[in-house]
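See below for final-v5.cif, which holds mmCIF, C-alpha atoms.
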```
data_target
loop_
_atom_site.label_atom_id
_atom_site.label_comp_id
_atom_site.auth_asym_id
_atom_site.auth_seq_id
_atom_site.Cartn_x
_atom_site.Cartn_y
_atom_site.Cartn_z
CA MET A 566 105.31 91.09 93.12
CA ASN A 567 101.55 90.84 93.48
CA GLN A 568 100.60 90.68 97.14
CA LYS A 569 97.07 89.84 98.18
CA TYR A 570 95.93 91.74 101.28
CA THR A 571 93.85 90.22 104.01
CA ASP A 572 90.88 92.08 105.46
CA SER A 573 92.90 92.99 108.55
CA SER A 574 95.77 94.42 106.51
CA GLN A 575 93.29 96.34 104.32
CA THR A 576 91.74 97.76 107.45
CA GLU A 577 95.16 98.76 108.76
CA LEU A 578 96.08 100.43 105.46
CA TRP A 579 92.85 102.43 105.38
CA GLN A 580 93.31 103.38 109.02
CA GLN A 581 96.86 104.55 108.38
CA LEU A 582 95.74 106.59 105.35
CA ILE A 583 92.97 108.26 107.34
CA LYS A 584 95.37 109.09 110.19
CA GLU A 585 97.83 110.61 107.71
CA ALA A 586 95.09 112.65 106.05
CA ALA A 587 93.79 113.92 109.39
CA GLU A 588 97.32 114.86 110.42
CA PHE A 589 97.95 116.53 107.04
CA ASN A 590 94.75 118.48 107.52
CA GLY A 591 95.36 119.41 111.14
CA VAL A 592 91.92 118.02 112.03
CA PRO A 593 92.32 115.18 114.51
CA LEU A 594 89.57 112.56 114.43
CA ASP A 595 88.56 110.58 117.47
CA GLU A 596 88.59 106.79 117.32
CA GLU A 597 84.87 106.55 116.54
CA LEU A 598 85.09 108.87 113.52
CA GLU A 599 88.30 107.27 112.31
CA SER A 600 86.77 103.79 112.50
CA TYR A 601 83.59 104.92 110.78
CA LEU A 602 85.59 106.35 107.86
CA VAL A 603 87.66 103.17 107.55
CA PHE A 604 84.60 100.96 107.29
CA LEU A 605 82.77 103.46 105.07
CA LEU A 606 85.64 103.38 102.57
CA MET A 607 85.92 99.60 102.72
CA ARG A 608 82.16 99.16 102.25
CA HIS A 609 82.01 101.44 99.20
CA LEU A 610 85.33 100.42 97.66
CA GLN A 611 83.62 98.21 95.07
CA ASP A 612 80.48 100.34 94.63
CA ALA A 613 80.51 100.95 90.88
CA ASP A 614 77.06 102.60 90.96
CA LEU A 615 78.01 105.29 93.48
CA ALA A 616 78.38 108.08 90.92
CA THR A 617 75.04 107.29 89.26
CA ARG A 618 72.84 107.89 92.30
CA THR A 619 70.75 111.00 92.76
CA MET A 620 70.88 111.90 96.43
CA ALA A 621 67.59 113.79 96.57
CA VAL A 622 65.75 110.75 95.21
CA GLU A 623 67.67 108.42 97.55
CA TYR A 624 66.83 110.68 100.50
CA LEU A 625 63.11 110.83 99.67
CA THR A 626 62.99 107.07 99.15
CA GLY A 627 64.65 106.59 102.52
CA MET A 628 62.19 108.93 104.24
CA GLN A 629 59.25 107.00 102.79
CA SER A 630 60.63 103.61 103.83
CA GLN A 631 59.92 101.91 107.13
CA GLY A 632 61.93 100.09 109.76
CA GLN A 633 65.37 98.68 109.01
CA GLN A 634 65.14 99.59 105.33
CA ARG A 635 64.70 103.27 106.25
CA LEU A 636 67.72 103.15 108.55
CA GLU A 637 69.90 101.54 105.88
CA GLN A 638 68.81 103.96 103.16
CA MET A 639 69.36 107.02 105.33
CA ARG A 640 72.79 105.71 106.35
CA ASP A 641 73.64 105.20 102.68
CA VAL A 642 72.55 108.76 101.86
CA GLY A 643 74.73 110.20 104.62
CA ASP A 644 77.66 108.02 103.64
CA GLN A 645 77.37 108.73 99.92
CA CYS A 646 77.07 112.47 100.50
CA LEU A 647 80.23 112.25 102.60
CA LEU A 648 82.04 110.43 99.78
CA TYR A 649 80.78 112.85 97.13
CA SER A 650 81.76 115.94 99.10
CA GLY A 651 85.09 114.53 100.28
CA LEU A 652 86.48 112.34 97.52
CA PHE A 653 84.49 113.41 94.47
CA PRO A 654 83.63 117.13 94.73
CA GLU A 655 83.75 117.38 90.94
CA ILE A 656 80.50 115.37 90.84
CA ALA A 657 78.74 118.39 92.38
CA GLU A 658 80.08 120.60 89.61
CA ARG A 659 78.92 118.19 86.89
CA ARG A 660 75.49 118.05 88.48
CA GLN A 661 75.42 121.84 88.84
CA VAL A 662 75.03 121.84 92.60
CA THR A 663 77.44 122.99 95.29
CA VAL A 664 79.41 120.74 97.59
CA SER A 665 77.36 122.36 100.36
CA TYR A 666 74.31 120.62 98.91
CA TYR A 667 75.91 117.26 99.71
CA VAL A 668 77.12 118.47 103.10
CA ASN A 669 73.66 119.62 104.12
CA MET A 670 71.92 116.51 102.81
CA GLY A 671 74.47 114.20 104.46
CA ARG A 672 74.22 115.99 107.79
CA THR A 673 70.45 115.85 107.62
CA ALA A 674 70.47 112.11 106.87
CA TYR A 675 72.75 111.44 109.86
CA LEU A 676 70.58 113.64 112.10
CA GLN A 677 67.49 111.72 110.96
CA LEU A 678 69.27 108.51 111.92
CA SER A 679 70.13 109.91 115.34
CA GLU A 680 66.42 110.57 115.89
CA LEU A 681 65.36 107.14 114.59
CA THR A 682 67.82 105.13 116.68
CA GLN A 683 68.60 104.91 120.37
CA ASN A 684 71.46 104.93 122.82
CA THR A 685 75.03 104.82 121.54
CA ILE A 686 74.00 104.42 117.89
CA ALA A 687 71.97 107.63 118.09
CA LEU A 688 74.95 109.39 119.67
CA MET A 689 77.24 108.09 116.93
CA TYR A 690 75.00 109.41 114.13
CA ASN A 691 74.69 112.75 115.89
CA HIS A 692 78.49 112.84 116.18
CA LEU A 693 78.78 112.09 112.43
CA ALA A 694 76.40 114.95 111.63
CA GLU A 695 78.32 117.38 113.84
CA SER A 696 81.68 116.24 112.44
CA PHE A 697 80.63 115.98 108.79
CA VAL A 698 82.91 118.81 107.62
CA ALA A 699 85.93 117.42 109.50
CA LEU A 700 85.28 114.02 107.90
CA MET A 701 84.91 115.66 104.48
CA ASP A 702 88.17 117.56 105.06
CA THR A 703 89.93 114.30 105.85
CA LEU A 704 88.62 112.65 102.69
CA GLN A 705 89.65 115.67 100.62
CA ALA A 706 93.12 115.51 102.18
CA ILE A 707 93.41 111.87 101.04
CA ARG A 708 93.26 113.17 97.49
CA CYS A 709 96.38 115.28 98.15
CA LEU A 710 98.51 112.68 99.91
CA GLY A 711 101.25 111.15 97.85
CA GLN A 712 100.63 113.34 94.82
CA GLN A 713 103.76 114.66 93.10
CA ASP A 714 101.65 117.44 91.63
CA ALA A 715 100.11 119.19 94.64
CA ASP A 716 97.59 120.88 92.35
CA PHE A 717 96.07 117.49 91.39
CA ALA A 718 93.50 117.46 94.17
CA ARG A 719 93.28 121.15 94.89
CA LEU A 720 89.98 122.89 94.64
CA GLU A 721 89.71 125.87 92.36
CA PRO A 722 90.14 129.06 94.44
CA LEU A 723 86.53 130.24 94.23
CA LYS A 724 85.19 126.77 95.10
CA ALA A 725 87.60 126.56 98.03
CA TYR A 726 86.49 130.01 99.19
CA GLU A 727 82.81 128.99 98.93
CA GLN A 728 83.43 125.88 101.00
CA TRP A 729 85.49 127.80 103.52
CA GLN A 730 82.76 130.43 103.88
CA LYS A 731 79.86 127.98 104.07
CA GLN A 732 81.47 125.16 105.98
CA THR A 733 84.54 126.72 107.68
CA GLN A 734 86.47 123.93 106.05
CA ARG A 735 90.16 123.75 107.00
CA HIS A 736 91.28 121.99 103.81
CA ALA A 737 89.62 124.60 101.61
CA ARG A 738 91.01 127.41 103.78
CA ARG A 739 94.55 126.03 103.48
CA GLN A 740 94.19 125.85 99.71
CA PHE A 741 92.70 129.32 99.48
CA GLY A 742 95.22 131.00 101.75
CA ASP A 743 94.80 134.61 102.75
CA ALA A 744 93.65 135.91 99.37
CA ILE A 745 90.10 137.20 99.02
CA PRO A 746 88.34 136.95 95.66
CA VAL A 747 87.22 140.21 94.16
CA ASN A 748 84.30 140.61 91.81
CA VAL A 749 85.46 142.96 89.09
CA ASP A 750 82.61 144.65 87.27
CA SER A 751 83.63 145.58 83.74
CA LYS A 752 81.20 148.53 83.81
CA ILE A 753 83.12 150.42 86.47
CA LYS A 754 84.39 153.72 85.03
CA HIS A 755 87.76 155.05 86.07
#
```
For the structure just supplied, provide its representation as structure tokens.
Amino acid sequence: MNQKYTDSSQTELWQQLIKEAAEFNGVPLDEELESYLVFLLMRHLQDADLATRTMAVEYLTGMQSQGQQRLEQMRDVGDQCLLYSGLFPEIAERRQVTVSYYVNMGRTAYLQLSELTQNTIALMYNHLAESFVALMDTLQAIRCLGQQDADFARLEPLKAYEQWQKQTQRHARRQFGDAIPVNVDSKIKH
């Protein structure tokens, strides 16, 4: 049976998924962050060009823009960095950058927005910057939900360790466990 969802039921489904992911992750999100993620996912659901964008170029273009265009471009940079780091961390690997690159750029874009806007909107963007890693954790947890093969969305141990060290990321820490990677030098003589 093919059921067509209304906007309100789509919103409810995304909201439920985000709540489940946050619970799975042990990182509760407040209503503002939860709502922002819901609408972020809905807005970019049909964005076929997402993976083709170069964030450094997008960021510089946004910084050189004026007025409303600057606000929109900086929001898009923050949002896309959040999606890359949370849902598509393998893009970083293909582009030979770390996930931390996207985290730092996304946080910076949101902080820029908090300085360019006023009142509650400025507070919201500041909150997004401060909560970027928790939001990324939630998006990464979405990849794990409902998977029969729990290894499907797992990060490789060294990448999880890097994220845990650089971002104190709960999802990466859970995947990595208590093991500590050891660099074995083949030139060590016994």
field: Polymer residues at most 10 Å from segment 664-678 of chain A, all atoms listed in the file, same-chain spacing of 4 or more positions, as an NGL selection string
entry: :A and (620-621 or 624 or 627-628 or 635-651 or 653-658 or 682-683 or 686-698 or 701 or 724 or 727-728 or 731-732)
Answer key for the PyMOL selection byres ((chain A and resi 604-606) around 12), residues as a PyMOL selection string: chain A and resi 572-573+575-580+582-583+597-603+607-612+640-649+651-652+700+704+707
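Atom CA of Glu623 of chain A sits 26.8 Å away from atom CA of Ala706 of chain A.
Here atom CA of Cys709 of chain A and atom CA of Ala587 of chain A stand 11.6 Å from one another.
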message: Would you compute the distance between atom CA of Val622 of chain A and atom CA of Thr703 of chain A? Give it in Å to one decimal.
response: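 One can read the atom CA of Val622 of chain A to atom CA of Thr703 of chain A distance as 26.7 Å.
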